[in-house]
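K.L.:
Below: one structure in structure tokens.
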Amino acid sequence: MDKSTEYQEFQRLCQAHGCRCTPQRLAVFLYMKDNRTHPSVNRIWDNVRQSIPSITRESVFRILTELAEYGVINRMDKITDARFDGQVSDHGHLICERCGRVEDFDLPPESLLPQDMHGFTTRHTELRISGLCACCGAGAKQAQNKEDTTRDKKECQAEP
Ligand SMILES: [Zn+2]
Ligand SMILES: [Zn+2]
């Protein structure tokens, strides 16, 4: 998808929800579009500020919340901090409790849904598996005799 198609998609989204097509909204939208890195608010803010230096963290968070309401992204809660997912199709997440790293994995079709749905209409299915990522798991073994685990944590948070 080229930039002009993305812009048209953004314009349609704004029209459908009666919000203005501001450069701030566009920047957050473009950064999150098909983003598979499950970024935190701070990481999104850091990236958006490169094109819009004046944007505040509060504005970024408000726009992310809007986009989540519109179904363009998913908000992922109950992990180390609020994360947002640019992929809204059903998939699973491997969540590292130590460094906060989130990896996608494919779900088997349908099999996760309970037989009795109590009349509930599903919008999104997600399976979360928490534990230690390969990096933190290996680091934990190495760090058993070391007191300084914060250093391992920092190294692990680097982008792959
Ligand atoms: Zn980890
Ligand atoms: Zn994901």
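Following the order of the structure tokens, chains are lettered A, B, ..., residues in each are numbered from 1, and ligands are numbered from 1.
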List all protein, DNA and RNA residues that have at least one atom no more than 12 Å from any atom of ligand 2, counting only C-alpha atoms and all ligand atoms, and write them as a PyMOL selection string.

P.N.:
chain A and resi 32+34-39+73-76+83-95+101-107+124-128

K.L.:
Can you tell me which residues come within 7 Å of ligand 1 when counting only C-alpha atoms and all ligand atoms, ideally as a PDB file with C-alpha atoms, in the first residue's frame?

P.N.:
```pdb
ATOM      1  CA  CYS A  96       7.665 -11.940  28.422  1.00  0.00           C
ATOM      2  CA  GLU A  97       6.972 -10.994  32.049  1.00  0.00           C
ATOM      3  CA  ARG A  98      10.496  -9.758  32.500  1.00  0.00           C
ATOM      4  CA  CYS A  99      11.350  -7.515  29.529  1.00  0.00           C
ATOM      5  CA  GLY A 100       7.822  -6.955  28.156  1.00  0.00           C
ATOM      6  CA  ARG A 101       8.681  -8.341  24.727  1.00  0.00           C
ATOM      7  CA  LEU A 132      10.068 -15.699  29.849  1.00  0.00           C
ATOM      8  CA  CYS A 133      11.289 -15.021  26.312  1.00  0.00           C
ATOM      9  CA  ALA A 134      14.304 -16.983  25.038  1.00  0.00           C
ATOM     10  CA  CYS A 135      16.598 -14.081  25.852  1.00  0.00           C
ATOM     11  CA  CYS A 136      15.324 -13.612  29.433  1.00  0.00           C
ATOM     12  CA  CYS A 156      16.913  -7.851  26.302  1.00  0.00           C
TER      13      CYS A 156
END
```

K.L.:
Find the residues around Leu30 in chain A up to 12 Å (only C-alpha atoms counted), leave out those fewer than 3 positions away in its own chain, and share them as number ranges by chain.

P.N.:
A: 1-11, 23-27, 33-35, 44, 47-48, 51, 63-64, 67, 72-73, 86

K.L.:
Hey, what does DSSP flag as strand (DSSP E) within chain A? Can you give it to me as a PyMOL selection string?

P.N.:
chain A and resi 74-76+83-85+91-96+102-105+126-131

K.L.:
Those same residues - C-alpha atoms - I'd like them written as a PDB file, in the first residue's frame.

P.N.:
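Written out: result27.pdb:
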```pdb
ATOM      1  CA  ASN A  74      -5.953  -3.225  19.485  1.00  0.00           C
ATOM      2  CA  ARG A  75      -5.068  -2.109  22.951  1.00  0.00           C
ATOM      3  CA  MET A  76      -3.276  -4.778  24.943  1.00  0.00           C
ATOM      4  CA  ARG A  83       0.701  -1.633  24.364  1.00  0.00           C
ATOM      5  CA  PHE A  84      -0.990  -1.222  21.009  1.00  0.00           C
ATOM      6  CA  ASP A  85      -1.153  -3.721  18.144  1.00  0.00           C
ATOM      7  CA  HIS A  91      -3.651 -14.070  16.727  1.00  0.00           C
ATOM      8  CA  GLY A  92      -1.858 -15.121  19.874  1.00  0.00           C
ATOM      9  CA  HIS A  93       0.802 -13.382  21.930  1.00  0.00           C
ATOM     10  CA  LEU A  94       3.825 -14.691  23.771  1.00  0.00           C
ATOM     11  CA  ILE A  95       4.408 -12.106  26.487  1.00  0.00           C
ATOM     12  CA  CYS A  96       7.665 -11.940  28.422  1.00  0.00           C
ATOM     13  CA  VAL A 102       5.585  -9.451  22.759  1.00  0.00           C
ATOM     14  CA  GLU A 103       5.732 -11.955  19.889  1.00  0.00           C
ATOM     15  CA  ASP A 104       2.816 -12.878  17.604  1.00  0.00           C
ATOM     16  CA  PHE A 105       1.827 -16.425  16.806  1.00  0.00           C
ATOM     17  CA  GLU A 126      -6.550 -13.438  21.417  1.00  0.00           C
ATOM     18  CA  LEU A 127      -4.553 -16.039  23.309  1.00  0.00           C
ATOM     19  CA  ARG A 128      -1.938 -14.707  25.723  1.00  0.00           C
ATOM     20  CA  ILE A 129       0.844 -16.900  26.963  1.00  0.00           C
ATOM     21  CA  SER A 130       3.054 -15.291  29.579  1.00  0.00           C
ATOM     22  CA  GLY A 131       6.455 -16.363  30.805  1.00  0.00           C
TER      23      GLY A 131
END
```

K.L.:
At what distance in Å, to one decimal, does CA of Phe120 in chain A lie from CA of Glu66 in chain A?

P.N.:
23.6 Å

K.L.:
Near Arg57 in chain A, within 8 Å and counting only C-alpha atoms, which residues show up once chain neighbours fewer than 2 positions away are dropped, as a compact mmCIF listing (two decimals) with N, CA and C atoms, in the first residue's frame?

P.N.:
```txt
# COMPACT_ATOMS: atom_id res chain seq x y z
N VAL A 41 3.35 3.25 24.52
CA VAL A 41 3.03 4.65 24.21
C VAL A 41 4.32 5.45 24.01
N ASN A 42 5.30 5.20 24.87
CA ASN A 42 6.54 5.98 24.78
C ASN A 42 7.27 5.74 23.46
N TRP A 45 5.33 7.53 20.78
CA TRP A 45 5.57 8.97 20.94
C TRP A 45 6.94 9.34 20.37
N ILE A 55 4.18 17.37 19.50
CA ILE A 55 3.08 16.50 19.98
C ILE A 55 3.39 16.02 21.40
N SER A 59 -1.48 13.58 23.93
CA SER A 59 -2.15 13.57 22.62
C SER A 59 -1.99 12.21 21.95
N VAL A 60 -0.77 11.68 22.00
CA VAL A 60 -0.52 10.38 21.38
C VAL A 60 -1.40 9.31 22.02
N PHE A 61 -1.49 9.35 23.35
CA PHE A 61 -2.30 8.36 24.06
C PHE A 61 -3.78 8.50 23.70
```

K.L.:
Select from range 45-148 of chain A everything DSSP, run on the backbone, classes as helix (DSSP H, G or I), then give the selection as a PyMOL selection string.

P.N.:
chain A and resi 45-48+57-69+134-145

K.L.:
CA of Arg62 in chain A and CA of Arg49 in chain A, how far apart in Å?

P.N.:
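Answer for the CA of Arg49 in chain A to CA of Arg62 in chain A separation: 15.0 Å.
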